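Chemist: Contents of model.txt (compact mmCIF, N, CA and C atoms) are below:
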# COMPACT_ATOMS: atom_id res chain seq x y z
N ASN A 121 6.10 8.20 -5.04
CA ASN A 121 7.20 8.80 -4.32
C ASN A 121 7.33 10.29 -4.61
N ARG A 122 6.67 10.76 -5.68
CA ARG A 122 6.74 12.18 -6.00
C ARG A 122 6.18 13.01 -4.87
N GLY A 123 6.90 14.04 -4.46
CA GLY A 123 6.41 14.91 -3.40
C GLY A 123 6.74 14.42 -2.01
N GLY A 124 7.35 13.24 -1.91
CA GLY A 124 7.71 12.71 -0.61
C GLY A 124 6.49 12.52 0.27
N GLN A 125 6.74 12.49 1.55
CA GLN A 125 5.65 12.27 2.50
C GLN A 125 4.65 13.42 2.46
N GLU A 126 5.11 14.62 2.16
CA GLU A 126 4.20 15.76 2.08
C GLU A 126 3.25 15.64 0.89
N GLY A 127 3.65 14.82 -0.10
CA GLY A 127 2.83 14.66 -1.30
C GLY A 127 1.60 13.80 -1.09
N VAL A 128 1.51 13.13 0.06
CA VAL A 128 0.34 12.31 0.35
C VAL A 128 -0.73 13.21 0.95
N SER A 129 -1.51 13.77 0.07
CA SER A 129 -2.54 14.72 0.45
C SER A 129 -3.91 14.15 0.10
N LEU A 130 -4.93 14.86 0.49
CA LEU A 130 -6.27 14.46 0.12
C LEU A 130 -6.41 14.43 -1.40
N ALA A 131 -5.80 15.38 -2.10
CA ALA A 131 -5.86 15.41 -3.57
C ALA A 131 -5.24 14.14 -4.16
N PHE A 132 -4.13 13.67 -3.58
CA PHE A 132 -3.48 12.44 -4.02
C PHE A 132 -4.42 11.25 -3.83
N VAL A 133 -4.99 11.15 -2.64
CA VAL A 133 -5.89 10.03 -2.33
C VAL A 133 -7.13 10.09 -3.23
N GLU A 134 -7.68 11.27 -3.45
CA GLU A 134 -8.86 11.39 -4.32
C GLU A 134 -8.55 11.01 -5.76
N LYS A 135 -7.34 11.27 -6.21
CA LYS A 135 -6.96 10.96 -7.59
C LYS A 135 -6.86 9.46 -7.83
N PHE A 136 -6.32 8.72 -6.85
CA PHE A 136 -6.02 7.31 -7.08
C PHE A 136 -6.95 6.32 -6.39
N PHE A 137 -7.75 6.78 -5.42
CA PHE A 137 -8.58 5.86 -4.65
C PHE A 137 -10.05 6.24 -4.72
N ASP A 138 -10.89 5.24 -4.87
CA ASP A 138 -12.33 5.42 -4.87
C ASP A 138 -12.79 5.95 -3.51
N ALA A 139 -13.89 6.68 -3.50
CA ALA A 139 -14.40 7.25 -2.25
C ALA A 139 -14.71 6.18 -1.21
N ALA A 140 -15.09 4.98 -1.65
CA ALA A 140 -15.45 3.90 -0.73
C ALA A 140 -14.34 2.84 -0.63
N VAL A 141 -13.11 3.23 -0.90
CA VAL A 141 -11.98 2.29 -0.87
C VAL A 141 -11.93 1.54 0.46
N VAL A 142 -11.51 0.28 0.38
CA VAL A 142 -11.24 -0.53 1.57
C VAL A 142 -9.78 -0.96 1.47
N TRP A 143 -8.97 -0.57 2.45
CA TRP A 143 -7.53 -0.82 2.47
C TRP A 143 -7.22 -1.72 3.66
N GLU A 144 -6.52 -2.84 3.40
CA GLU A 144 -6.15 -3.75 4.48
C GLU A 144 -4.66 -4.05 4.41
N GLY A 145 -4.01 -3.97 5.56
CA GLY A 145 -2.61 -4.33 5.66
C GLY A 145 -2.45 -5.83 5.80
N LYS A 146 -1.21 -6.26 5.95
CA LYS A 146 -0.92 -7.68 6.14
C LYS A 146 -1.63 -8.18 7.39
N ASP A 147 -2.05 -9.44 7.36
CA ASP A 147 -2.83 -10.01 8.46
C ASP A 147 -2.14 -9.89 9.81
N ASP A 148 -0.80 -9.94 9.84
CA ASP A 148 -0.10 -9.90 11.11
C ASP A 148 0.36 -8.49 11.50
N ALA A 149 -0.04 -7.49 10.72
CA ALA A 149 0.35 -6.10 11.02
C ALA A 149 -0.54 -5.55 12.13
N PRO A 150 0.05 -4.85 13.11
CA PRO A 150 -0.76 -4.29 14.19
C PRO A 150 -1.72 -3.20 13.72
N ASP A 151 -1.41 -2.58 12.61
CA ASP A 151 -2.26 -1.51 12.07
C ASP A 151 -2.88 -1.94 10.74
N ARG A 152 -3.39 -3.16 10.70
CA ARG A 152 -3.84 -3.74 9.43
C ARG A 152 -5.18 -3.20 8.94
N GLY A 153 -5.95 -2.58 9.81
CA GLY A 153 -7.25 -2.09 9.37
C GLY A 153 -8.31 -3.16 9.51
N PRO A 154 -9.33 -3.10 8.69
CA PRO A 154 -9.43 -2.35 7.43
C PRO A 154 -9.72 -0.86 7.65
N PHE A 155 -9.26 -0.09 6.69
CA PHE A 155 -9.52 1.35 6.65
C PHE A 155 -10.51 1.57 5.52
N ARG A 156 -11.63 2.21 5.86
CA ARG A 156 -12.72 2.37 4.89
C ARG A 156 -12.89 3.83 4.52
N GLY A 157 -12.86 4.08 3.23
CA GLY A 157 -13.04 5.44 2.73
C GLY A 157 -11.74 6.22 2.70
N ARG A 158 -11.77 7.30 1.96
CA ARG A 158 -10.56 8.11 1.76
C ARG A 158 -10.04 8.75 3.04
N ASP A 159 -10.92 9.20 3.89
CA ASP A 159 -10.47 9.87 5.12
C ASP A 159 -9.71 8.91 6.02
N GLU A 160 -10.25 7.71 6.24
CA GLU A 160 -9.56 6.72 7.07
C GLU A 160 -8.24 6.32 6.44
N LEU A 161 -8.23 6.14 5.12
CA LEU A 161 -7.00 5.76 4.43
C LEU A 161 -5.94 6.85 4.59
N LEU A 162 -6.33 8.08 4.38
CA LEU A 162 -5.38 9.18 4.50
C LEU A 162 -4.84 9.29 5.93
N ASP A 163 -5.70 9.14 6.92
CA ASP A 163 -5.26 9.16 8.32
C ASP A 163 -4.25 8.03 8.59
N HIS A 164 -4.53 6.85 8.04
CA HIS A 164 -3.63 5.71 8.22
C HIS A 164 -2.26 5.98 7.59
N ILE A 165 -2.26 6.44 6.36
CA ILE A 165 -0.99 6.72 5.66
C ILE A 165 -0.20 7.78 6.41
N ARG A 166 -0.87 8.84 6.82
CA ARG A 166 -0.17 9.91 7.55
C ARG A 166 0.39 9.42 8.88
N SER A 167 -0.35 8.60 9.60
CA SER A 167 0.14 8.11 10.89
C SER A 167 1.36 7.20 10.68
N TRP A 168 1.37 6.44 9.61
CA TRP A 168 2.51 5.59 9.31
C TRP A 168 3.73 6.45 8.99
N PHE A 169 3.53 7.48 8.17
CA PHE A 169 4.63 8.38 7.81
C PHE A 169 5.18 9.13 9.01
N GLU A 170 4.36 9.36 10.03
CA GLU A 170 4.84 10.07 11.23
C GLU A 170 5.94 9.31 11.95
N THR A 171 6.09 8.01 11.67
CA THR A 171 7.12 7.22 12.32
C THR A 171 8.43 7.21 11.53
N LEU A 172 8.43 7.89 10.37
CA LEU A 172 9.59 7.82 9.46
C LEU A 172 10.14 9.19 9.13
N ASP A 173 11.47 9.27 8.98
CA ASP A 173 12.11 10.47 8.48
C ASP A 173 12.18 10.45 6.95
N ALA A 174 12.23 9.28 6.39
CA ALA A 174 12.31 9.14 4.93
C ALA A 174 11.61 7.85 4.53
N PHE A 175 11.06 7.83 3.32
CA PHE A 175 10.38 6.63 2.84
C PHE A 175 10.34 6.64 1.32
N ARG A 176 10.55 5.48 0.74
CA ARG A 176 10.45 5.32 -0.70
C ARG A 176 9.96 3.90 -0.97
N SER A 177 9.04 3.77 -1.92
CA SER A 177 8.52 2.47 -2.29
C SER A 177 8.51 2.34 -3.80
N GLU A 178 9.01 1.22 -4.27
CA GLU A 178 9.11 0.97 -5.71
C GLU A 178 8.44 -0.36 -6.04
N PRO A 179 7.68 -0.41 -7.12
CA PRO A 179 7.17 -1.71 -7.56
C PRO A 179 8.30 -2.50 -8.22
N GLU A 180 8.44 -3.76 -7.84
CA GLU A 180 9.42 -4.64 -8.48
C GLU A 180 8.78 -5.46 -9.58
N GLU A 181 7.48 -5.69 -9.44
CA GLU A 181 6.76 -6.49 -10.42
C GLU A 181 5.29 -6.11 -10.36
N ILE A 182 4.65 -6.00 -11.53
CA ILE A 182 3.23 -5.72 -11.61
C ILE A 182 2.61 -6.80 -12.49
N ILE A 183 1.60 -7.47 -11.97
CA ILE A 183 0.95 -8.56 -12.68
C ILE A 183 -0.51 -8.20 -12.90
N ASP A 184 -0.92 -8.15 -14.15
CA ASP A 184 -2.31 -7.86 -14.51
C ASP A 184 -3.14 -9.11 -14.30
N ALA A 185 -4.13 -9.02 -13.43
CA ALA A 185 -5.02 -10.14 -13.15
C ALA A 185 -6.46 -9.70 -13.42
N GLY A 186 -6.70 -9.11 -14.59
CA GLY A 186 -8.03 -8.63 -14.95
C GLY A 186 -8.33 -7.32 -14.27
N GLU A 187 -9.38 -7.29 -13.45
CA GLU A 187 -9.72 -6.07 -12.72
C GLU A 187 -8.84 -5.87 -11.49
N LYS A 188 -7.94 -6.81 -11.25
CA LYS A 188 -7.05 -6.72 -10.10
C LYS A 188 -5.60 -6.67 -10.57
N LEU A 189 -4.79 -6.01 -9.76
CA LEU A 189 -3.36 -5.94 -10.00
C LEU A 189 -2.62 -6.52 -8.80
N VAL A 190 -1.67 -7.36 -9.09
CA VAL A 190 -0.76 -7.85 -8.05
C VAL A 190 0.52 -7.05 -8.21
N VAL A 191 0.97 -6.43 -7.12
CA VAL A 191 2.20 -5.65 -7.17
C VAL A 191 3.13 -6.18 -6.09
N VAL A 192 4.37 -6.46 -6.49
CA VAL A 192 5.41 -6.82 -5.54
C VAL A 192 6.18 -5.53 -5.27
N HIS A 193 6.21 -5.13 -4.01
CA HIS A 193 6.79 -3.85 -3.60
C HIS A 193 8.14 -4.05 -2.91
N HIS A 194 9.00 -3.05 -3.05
CA HIS A 194 10.20 -2.95 -2.23
C HIS A 194 10.16 -1.56 -1.61
N SER A 195 10.04 -1.51 -0.30
CA SER A 195 9.94 -0.24 0.41
C SER A 195 11.12 -0.08 1.35
N HIS A 196 11.56 1.16 1.47
CA HIS A 196 12.73 1.46 2.29
C HIS A 196 12.48 2.78 3.02
N GLY A 197 12.87 2.83 4.29
CA GLY A 197 12.70 4.06 5.04
C GLY A 197 13.68 4.14 6.20
N ILE A 198 13.67 5.28 6.86
CA ILE A 198 14.48 5.52 8.05
C ILE A 198 13.53 5.88 9.18
N LEU A 199 13.63 5.16 10.29
CA LEU A 199 12.77 5.46 11.43
C LEU A 199 13.10 6.83 12.00
N LYS A 200 12.07 7.56 12.33
CA LYS A 200 12.20 8.93 12.84
C LYS A 200 13.14 8.98 14.04
N GLY A 201 14.05 9.94 13.99
CA GLY A 201 14.95 10.19 15.09
C GLY A 201 16.06 9.16 15.27
N SER A 202 16.30 8.36 14.25
CA SER A 202 17.35 7.35 14.37
C SER A 202 17.96 7.10 12.99
N ASN A 203 18.90 6.21 12.96
CA ASN A 203 19.45 5.77 11.68
C ASN A 203 18.97 4.37 11.34
N ALA A 204 17.99 3.88 12.10
CA ALA A 204 17.47 2.53 11.88
C ALA A 204 16.70 2.48 10.56
N GLU A 205 17.06 1.51 9.76
CA GLU A 205 16.45 1.37 8.45
C GLU A 205 15.29 0.40 8.47
N VAL A 206 14.30 0.70 7.66
CA VAL A 206 13.18 -0.19 7.40
C VAL A 206 13.34 -0.64 5.95
N ASP A 207 13.41 -1.94 5.73
CA ASP A 207 13.57 -2.47 4.38
C ASP A 207 12.58 -3.61 4.24
N LEU A 208 11.53 -3.39 3.46
CA LEU A 208 10.44 -4.35 3.35
C LEU A 208 10.20 -4.78 1.91
N ARG A 209 9.91 -6.03 1.76
CA ARG A 209 9.39 -6.53 0.49
C ARG A 209 8.06 -7.20 0.83
N PHE A 210 7.05 -6.89 0.06
CA PHE A 210 5.73 -7.47 0.28
C PHE A 210 4.96 -7.39 -1.04
N ALA A 211 3.80 -7.98 -1.05
CA ALA A 211 2.95 -7.95 -2.25
C ALA A 211 1.59 -7.39 -1.87
N SER A 212 0.88 -6.90 -2.88
CA SER A 212 -0.46 -6.41 -2.63
C SER A 212 -1.35 -6.77 -3.82
N VAL A 213 -2.64 -6.79 -3.53
CA VAL A 213 -3.66 -6.97 -4.56
C VAL A 213 -4.57 -5.76 -4.50
N SER A 214 -4.69 -5.08 -5.62
CA SER A 214 -5.59 -3.92 -5.71
C SER A 214 -6.63 -4.19 -6.77
N GLU A 215 -7.87 -3.90 -6.45
CA GLU A 215 -8.94 -3.97 -7.44
C GLU A 215 -9.18 -2.55 -7.94
N VAL A 216 -9.19 -2.41 -9.25
CA VAL A 216 -9.31 -1.10 -9.88
C VAL A 216 -10.61 -1.04 -10.68
N ARG A 217 -11.36 0.04 -10.48
CA ARG A 217 -12.57 0.31 -11.28
C ARG A 217 -12.57 1.77 -11.66
N ASP A 218 -12.86 2.03 -12.91
CA ASP A 218 -12.93 3.41 -13.42
C ASP A 218 -11.65 4.18 -13.07
N GLY A 219 -10.51 3.50 -13.12
CA GLY A 219 -9.23 4.16 -12.92
C GLY A 219 -8.86 4.45 -11.47
N ARG A 220 -9.66 3.95 -10.52
CA ARG A 220 -9.35 4.18 -9.11
C ARG A 220 -9.35 2.86 -8.35
N ILE A 221 -8.53 2.80 -7.31
CA ILE A 221 -8.44 1.61 -6.48
C ILE A 221 -9.67 1.57 -5.56
N VAL A 222 -10.40 0.45 -5.62
CA VAL A 222 -11.58 0.28 -4.76
C VAL A 222 -11.28 -0.63 -3.57
N SER A 223 -10.28 -1.50 -3.73
CA SER A 223 -9.85 -2.32 -2.59
C SER A 223 -8.36 -2.60 -2.74
N HIS A 224 -7.72 -2.75 -1.59
CA HIS A 224 -6.28 -2.98 -1.55
C HIS A 224 -6.00 -3.87 -0.35
N LYS A 225 -5.27 -4.96 -0.58
CA LYS A 225 -4.91 -5.89 0.49
C LYS A 225 -3.44 -6.23 0.35
N GLN A 226 -2.71 -6.15 1.45
CA GLN A 226 -1.29 -6.46 1.44
C GLN A 226 -1.05 -7.88 1.95
N TYR A 227 -0.02 -8.50 1.39
CA TYR A 227 0.36 -9.86 1.75
C TYR A 227 1.87 -9.90 2.02
N ARG A 228 2.28 -10.76 2.89
CA ARG A 228 3.69 -10.88 3.23
C ARG A 228 4.50 -11.38 2.03
N HIS A 229 3.92 -12.28 1.22
CA HIS A 229 4.66 -12.91 0.14
C HIS A 229 3.90 -12.84 -1.19
N ARG A 230 4.65 -12.82 -2.26
CA ARG A 230 4.11 -12.80 -3.62
C ARG A 230 3.14 -13.96 -3.86
N ALA A 231 3.53 -15.16 -3.42
CA ALA A 231 2.71 -16.35 -3.64
C ALA A 231 1.32 -16.20 -3.01
N GLU A 232 1.24 -15.58 -1.84
CA GLU A 232 -0.06 -15.37 -1.19
C GLU A 232 -0.95 -14.44 -2.02
N ALA A 233 -0.35 -13.38 -2.55
CA ALA A 233 -1.11 -12.44 -3.37
C ALA A 233 -1.59 -13.11 -4.65
N LEU A 234 -0.73 -13.90 -5.27
CA LEU A 234 -1.13 -14.61 -6.49
C LEU A 234 -2.26 -15.59 -6.20
N GLU A 235 -2.18 -16.29 -5.09
CA GLU A 235 -3.24 -17.21 -4.72
C GLU A 235 -4.57 -16.47 -4.51
N ALA A 236 -4.50 -15.27 -3.94
CA ALA A 236 -5.71 -14.49 -3.68
C ALA A 236 -6.46 -14.11 -4.97
N VAL A 237 -5.74 -14.03 -6.08
CA VAL A 237 -6.39 -13.68 -7.36
C VAL A 237 -6.53 -14.90 -8.27
N GLY A 238 -6.30 -16.10 -7.72
CA GLY A 238 -6.48 -17.32 -8.50
C GLY A 238 -5.34 -17.64 -9.45
N LEU A 239 -4.17 -17.11 -9.18
CA LEU A 239 -3.00 -17.37 -10.02
C LEU A 239 -1.91 -18.09 -9.24
N ALA A 240 -2.31 -19.01 -8.38
CA ALA A 240 -1.33 -19.73 -7.56
C ALA A 240 -0.30 -20.40 -8.44
N GLU A 241 0.93 -20.36 -7.96
CA GLU A 241 2.05 -20.96 -8.72
C GLU A 241 2.14 -22.44 -8.47
Starting from the file, lay out its structure as structure tokens.
Modeler:
Amino acid sequence: NRGGQEGVSLAFVEKFFDAAVVWEGKDDAPDRGPFRGRDELLDHIRSWFETLDAFRSEPEEIIDAGEKLVVVHHSHGILKGSNAEVDLRFASVSEVRDGRIVSHKQYRHRAEALEAVGLAE
């Protein structure tokens, strides 16, 4: 959240994501991807932010699953040009190597993400 939407720069993406990153949204999302590589990921993030006047995302829970992390997110935003709020809770699984995310997949529910890493409840 540091730097707001303007903080999502190529330097940000290079710092946290592997050059060959594969990013996938929730299966039912119209813009689910996959997005391959830093350039596609950055374009995707920027296009999403273009629909919002404000956005903030906080992790509610982080689960260490070896080389993968399950994160339960709470995201909140305001749609551009309106007072309509976006309030989302979802989970993601990220695979991390050498300190950078190499793959990222979003899930509608925590249980789905846990199942994806073999930690079904």
Chemist: Atom CA of A:Gly201 and atom N of A:Thr171 are how many Å apart?
Modeler: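 Result for atom CA of A:Gly201 versus atom N of A:Thr171: 9.7 Å, one decimal.
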Chemist: Determine, counting only C-alpha atoms, which protein, DNA and RNA residues have an atom within 7 Å of an atom of stretch 145-157 of chain A; residues of the same chain fewer than 3 positions away are not included. Present the result as a PyMOL selection string.
Modeler: chain A and resi 139-142+160-161+225-228
Chemist: Taking the chain letters and numbering used in this document, name the residues of stretch 124-202 of chain A that DSSP puts in strand (DSSP E), as a JSON list (two decimals) with N, CA and C atoms, in the frame of the given file.
Modeler:
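Ended up saving to result-v7.json:
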[["chain", "number", "residue", "atom", "x", "y", "z"],
["A", 137, "PHE", "N", -7.75, 6.78, -5.42],
["A", 137, "PHE", "CA", -8.58, 5.86, -4.65],
["A", 137, "PHE", "C", -10.05, 6.24, -4.72],
["A", 138, "ASP", "N", -10.89, 5.24, -4.87],
["A", 138, "ASP", "CA", -12.33, 5.42, -4.87],
["A", 138, "ASP", "C", -12.79, 5.95, -3.51],
["A", 139, "ALA", "N", -13.89, 6.68, -3.50],
["A", 139, "ALA", "CA", -14.40, 7.25, -2.25],
["A", 139, "ALA", "C", -14.71, 6.18, -1.21],
["A", 140, "ALA", "N", -15.09, 4.98, -1.65],
["A", 140, "ALA", "CA", -15.45, 3.90, -0.73],
["A", 140, "ALA", "C", -14.34, 2.84, -0.63],
["A", 141, "VAL", "N", -13.11, 3.23, -0.90],
["A", 141, "VAL", "CA", -11.98, 2.29, -0.87],
["A", 141, "VAL", "C", -11.93, 1.54, 0.46],
["A", 142, "VAL", "N", -11.51, 0.28, 0.38],
["A", 142, "VAL", "CA", -11.24, -0.53, 1.57],
["A", 142, "VAL", "C", -9.78, -0.96, 1.47],
["A", 143, "TRP", "N", -8.97, -0.57, 2.45],
["A", 143, "TRP", "CA", -7.53, -0.82, 2.47],
["A", 143, "TRP", "C", -7.22, -1.72, 3.66],
["A", 144, "GLU", "N", -6.52, -2.84, 3.40],
["A", 144, "GLU", "CA", -6.15, -3.75, 4.48],
["A", 144, "GLU", "C", -4.66, -4.05, 4.41],
["A", 155, "PHE", "N", -9.26, -0.09, 6.69],
["A", 155, "PHE", "CA", -9.52, 1.35, 6.65],
["A", 155, "PHE", "C", -10.51, 1.57, 5.52],
["A", 156, "ARG", "N", -11.63, 2.21, 5.86],
["A", 156, "ARG", "CA", -12.72, 2.37, 4.89],
["A", 156, "ARG", "C", -12.89, 3.83, 4.52],
["A", 172, "LEU", "N", 8.43, 7.89, 10.37],
["A", 172, "LEU", "CA", 9.59, 7.82, 9.46],
["A", 172, "LEU", "C", 10.14, 9.19, 9.13],
["A", 173, "ASP", "N", 11.47, 9.27, 8.98],
["A", 173, "ASP", "CA", 12.11, 10.47, 8.48],
["A", 173, "ASP", "C", 12.18, 10.45, 6.95],
["A", 174, "ALA", "N", 12.23, 9.28, 6.39],
["A", 174, "ALA", "CA", 12.31, 9.14, 4.93],
["A", 174, "ALA", "C", 11.61, 7.85, 4.53],
["A", 175, "PHE", "N", 11.06, 7.83, 3.32],
["A", 175, "PHE", "CA", 10.38, 6.63, 2.84],
["A", 175, "PHE", "C", 10.34, 6.64, 1.32],
["A", 176, "ARG", "N", 10.55, 5.48, 0.74],
["A", 176, "ARG", "CA", 10.45, 5.32, -0.70],
["A", 176, "ARG", "C", 9.96, 3.90, -0.97],
["A", 177, "SER", "N", 9.04, 3.77, -1.92],
["A", 177, "SER", "CA", 8.52, 2.47, -2.29],
["A", 177, "SER", "C", 8.51, 2.34, -3.80],
["A", 178, "GLU", "N", 9.01, 1.22, -4.27],
["A", 178, "GLU", "CA", 9.11, 0.97, -5.71],
["A", 178, "GLU", "C", 8.44, -0.36, -6.04],
["A", 179, "PRO", "N", 7.68, -0.41, -7.12],
["A", 179, "PRO", "CA", 7.17, -1.71, -7.56],
["A", 179, "PRO", "C", 8.30, -2.50, -8.22],
["A", 180, "GLU", "N", 8.44, -3.76, -7.84],
["A", 180, "GLU", "CA", 9.42, -4.64, -8.48],
["A", 180, "GLU", "C", 8.78, -5.46, -9.58],
["A", 181, "GLU", "N", 7.48, -5.69, -9.44],
["A", 181, "GLU", "CA", 6.76, -6.49, -10.42],
["A", 181, "GLU", "C", 5.29, -6.11, -10.36],
["A", 182, "ILE", "N", 4.65, -6.00, -11.53],
["A", 182, "ILE", "CA", 3.23, -5.72, -11.61],
["A", 182, "ILE", "C", 2.61, -6.80, -12.49],
["A", 183, "ILE", "N", 1.60, -7.47, -11.97],
["A", 183, "ILE", "CA", 0.95, -8.56, -12.68],
["A", 183, "ILE", "C", -0.51, -8.20, -12.90],
["A", 184, "ASP", "N", -0.92, -8.15, -14.15],
["A", 184, "ASP", "CA", -2.31, -7.86, -14.51],
["A", 184, "ASP", "C", -3.14, -9.11, -14.30],
["A", 185, "ALA", "N", -4.13, -9.02, -13.43],
["A", 185, "ALA", "CA", -5.02, -10.14, -13.15],
["A", 185, "ALA", "C", -6.46, -9.70, -13.42],
["A", 188, "LYS", "N", -7.94, -6.81, -11.25],
["A", 188, "LYS", "CA", -7.05, -6.72, -10.10],
["A", 188, "LYS", "C", -5.60, -6.67, -10.57],
["A", 189, "LEU", "N", -4.79, -6.01, -9.76],
["A", 189, "LEU", "CA", -3.36, -5.94, -10.00],
["A", 189, "LEU", "C", -2.62, -6.52, -8.80],
["A", 190, "VAL", "N", -1.67, -7.36, -9.09],
["A", 190, "VAL", "CA", -0.76, -7.85, -8.05],
["A", 190, "VAL", "C", 0.52, -7.05, -8.21],
["A", 191, "VAL", "N", 0.97, -6.43, -7.12],
["A", 191, "VAL", "CA", 2.20, -5.65, -7.17],
["A", 191, "VAL", "C", 3.13, -6.18, -6.09],
["A", 192, "VAL", "N", 4.37, -6.46, -6.49],
["A", 192, "VAL", "CA", 5.41, -6.82, -5.54],
["A", 192, "VAL", "C", 6.18, -5.53, -5.27],
["A", 193, "HIS", "N", 6.21, -5.13, -4.01],
["A", 193, "HIS", "CA", 6.79, -3.85, -3.60],
["A", 193, "HIS", "C", 8.14, -4.05, -2.91],
["A", 194, "HIS", "N", 9.00, -3.05, -3.05],
["A", 194, "HIS", "CA", 10.20, -2.95, -2.23],
["A", 194, "HIS", "C", 10.16, -1.56, -1.61],
["A", 195, "SER", "N", 10.04, -1.51, -0.30],
["A", 195, "SER", "CA", 9.94, -0.24, 0.41],
["A", 195, "SER", "C", 11.12, -0.08, 1.35],
["A", 196, "HIS", "N", 11.56, 1.16, 1.47],
["A", 196, "HIS", "CA", 12.73, 1.46, 2.29],
["A", 196, "HIS", "C", 12.48, 2.78, 3.02],
["A", 197, "GLY", "N", 12.87, 2.83, 4.29],
["A", 197, "GLY", "CA", 12.70, 4.06, 5.04],
["A", 197, "GLY", "C", 13.68, 4.14, 6.20],
["A", 198, "ILE", "N", 13.67, 5.28, 6.86],
["A", 198, "ILE", "CA", 14.48, 5.52, 8.05],
["A", 198, "ILE", "C", 13.53, 5.88, 9.18],
["A", 199, "LEU", "N", 13.63, 5.16, 10.29],
["A", 199, "LEU", "CA", 12.77, 5.46, 11.43],
["A", 199, "LEU", "C", 13.10, 6.83, 12.00]]
Chemist: Using all atoms listed in the file, which of A:Ile165, A:Arg176, A:Arg230, A:Arg217 sits nearest A:Val192?
Modeler: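 Using all atoms listed in the file, A:Val192 sits closest to A:Arg230.
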Chemist: Take atom CA of A:Phe132 and atom CA of A:Ala174 and report the distance between them in Å, one decimal.
Modeler: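 Distance between the two atoms: 18.4 Å.
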Chemist: Since the input lacks atoms, please generate N, CA, C and O atoms for stretch 158-171 of chain A and provide them as a PDB file, in the coordinates of the input.
Modeler:
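The resulting part_39.pdb:
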ATOM      1  N   ARG A 158     -11.770   7.300   1.960  1.00  0.00           N
ATOM      2  CA  ARG A 158     -10.560   8.110   1.760  1.00  0.00           C
ATOM      3  C   ARG A 158     -10.040   8.750   3.040  1.00  0.00           C
ATOM      4  O   ARG A 158      -8.825   8.817   3.242  1.00  0.00           O
ATOM      5  N   ASP A 159     -10.920   9.200   3.890  1.00  0.00           N
ATOM      6  CA  ASP A 159     -10.470   9.870   5.120  1.00  0.00           C
ATOM      7  C   ASP A 159      -9.710   8.910   6.020  1.00  0.00           C
ATOM      8  O   ASP A 159      -8.634   9.245   6.534  1.00  0.00           O
ATOM      9  N   GLU A 160     -10.250   7.710   6.240  1.00  0.00           N
ATOM     10  CA  GLU A 160      -9.560   6.720   7.070  1.00  0.00           C
ATOM     11  C   GLU A 160      -8.240   6.320   6.440  1.00  0.00           C
ATOM     12  O   GLU A 160      -7.231   6.152   7.135  1.00  0.00           O
ATOM     13  N   LEU A 161      -8.230   6.140   5.120  1.00  0.00           N
ATOM     14  CA  LEU A 161      -7.000   5.760   4.430  1.00  0.00           C
ATOM     15  C   LEU A 161      -5.940   6.850   4.590  1.00  0.00           C
ATOM     16  O   LEU A 161      -4.792   6.559   4.926  1.00  0.00           O
ATOM     17  N   LEU A 162      -6.330   8.080   4.380  1.00  0.00           N
ATOM     18  CA  LEU A 162      -5.380   9.180   4.500  1.00  0.00           C
ATOM     19  C   LEU A 162      -4.840   9.290   5.930  1.00  0.00           C
ATOM     20  O   LEU A 162      -3.632   9.453   6.135  1.00  0.00           O
ATOM     21  N   ASP A 163      -5.700   9.140   6.920  1.00  0.00           N
ATOM     22  CA  ASP A 163      -5.260   9.160   8.320  1.00  0.00           C
ATOM     23  C   ASP A 163      -4.250   8.030   8.590  1.00  0.00           C
ATOM     24  O   ASP A 163      -3.241   8.233   9.262  1.00  0.00           O
ATOM     25  N   HIS A 164      -4.530   6.850   8.040  1.00  0.00           N
ATOM     26  CA  HIS A 164      -3.630   5.710   8.220  1.00  0.00           C
ATOM     27  C   HIS A 164      -2.260   5.980   7.590  1.00  0.00           C
ATOM     28  O   HIS A 164      -1.226   5.775   8.223  1.00  0.00           O
ATOM     29  N   ILE A 165      -2.260   6.440   6.360  1.00  0.00           N
ATOM     30  CA  ILE A 165      -0.990   6.720   5.660  1.00  0.00           C
ATOM     31  C   ILE A 165      -0.200   7.780   6.410  1.00  0.00           C
ATOM     32  O   ILE A 165       1.003   7.637   6.631  1.00  0.00           O
ATOM     33  N   ARG A 166      -0.870   8.840   6.820  1.00  0.00           N
ATOM     34  CA  ARG A 166      -0.170   9.910   7.550  1.00  0.00           C
ATOM     35  C   ARG A 166       0.390   9.420   8.880  1.00  0.00           C
ATOM     36  O   ARG A 166       1.503   9.785   9.266  1.00  0.00           O
ATOM     37  N   SER A 167      -0.350   8.600   9.600  1.00  0.00           N
ATOM     38  CA  SER A 167       0.140   8.110  10.890  1.00  0.00           C
ATOM     39  C   SER A 167       1.360   7.200  10.680  1.00  0.00           C
ATOM     40  O   SER A 167       2.284   7.213  11.487  1.00  0.00           O
ATOM     41  N   TRP A 168       1.370   6.440   9.610  1.00  0.00           N
ATOM     42  CA  TRP A 168       2.510   5.590   9.310  1.00  0.00           C
ATOM     43  C   TRP A 168       3.730   6.450   8.990  1.00  0.00           C
ATOM     44  O   TRP A 168       4.827   6.193   9.467  1.00  0.00           O
ATOM     45  N   PHE A 169       3.530   7.480   8.170  1.00  0.00           N
ATOM     46  CA  PHE A 169       4.630   8.380   7.810  1.00  0.00           C
ATOM     47  C   PHE A 169       5.180   9.130   9.010  1.00  0.00           C
ATOM     48  O   PHE A 169       6.350   9.508   9.013  1.00  0.00           O
ATOM     49  N   GLU A 170       4.360   9.360  10.030  1.00  0.00           N
ATOM     50  CA  GLU A 170       4.840  10.070  11.230  1.00  0.00           C
ATOM     51  C   GLU A 170       5.940   9.310  11.950  1.00  0.00           C
ATOM     52  O   GLU A 170       6.687   9.890  12.730  1.00  0.00           O
ATOM     53  N   THR A 171       6.090   8.010  11.670  1.00  0.00           N
ATOM     54  CA  THR A 171       7.120   7.220  12.320  1.00  0.00           C
ATOM     55  C   THR A 171       8.430   7.210  11.530  1.00  0.00           C
ATOM     56  O   THR A 171       9.413   6.617  11.959  1.00  0.00           O
TER      57      THR A 171
END
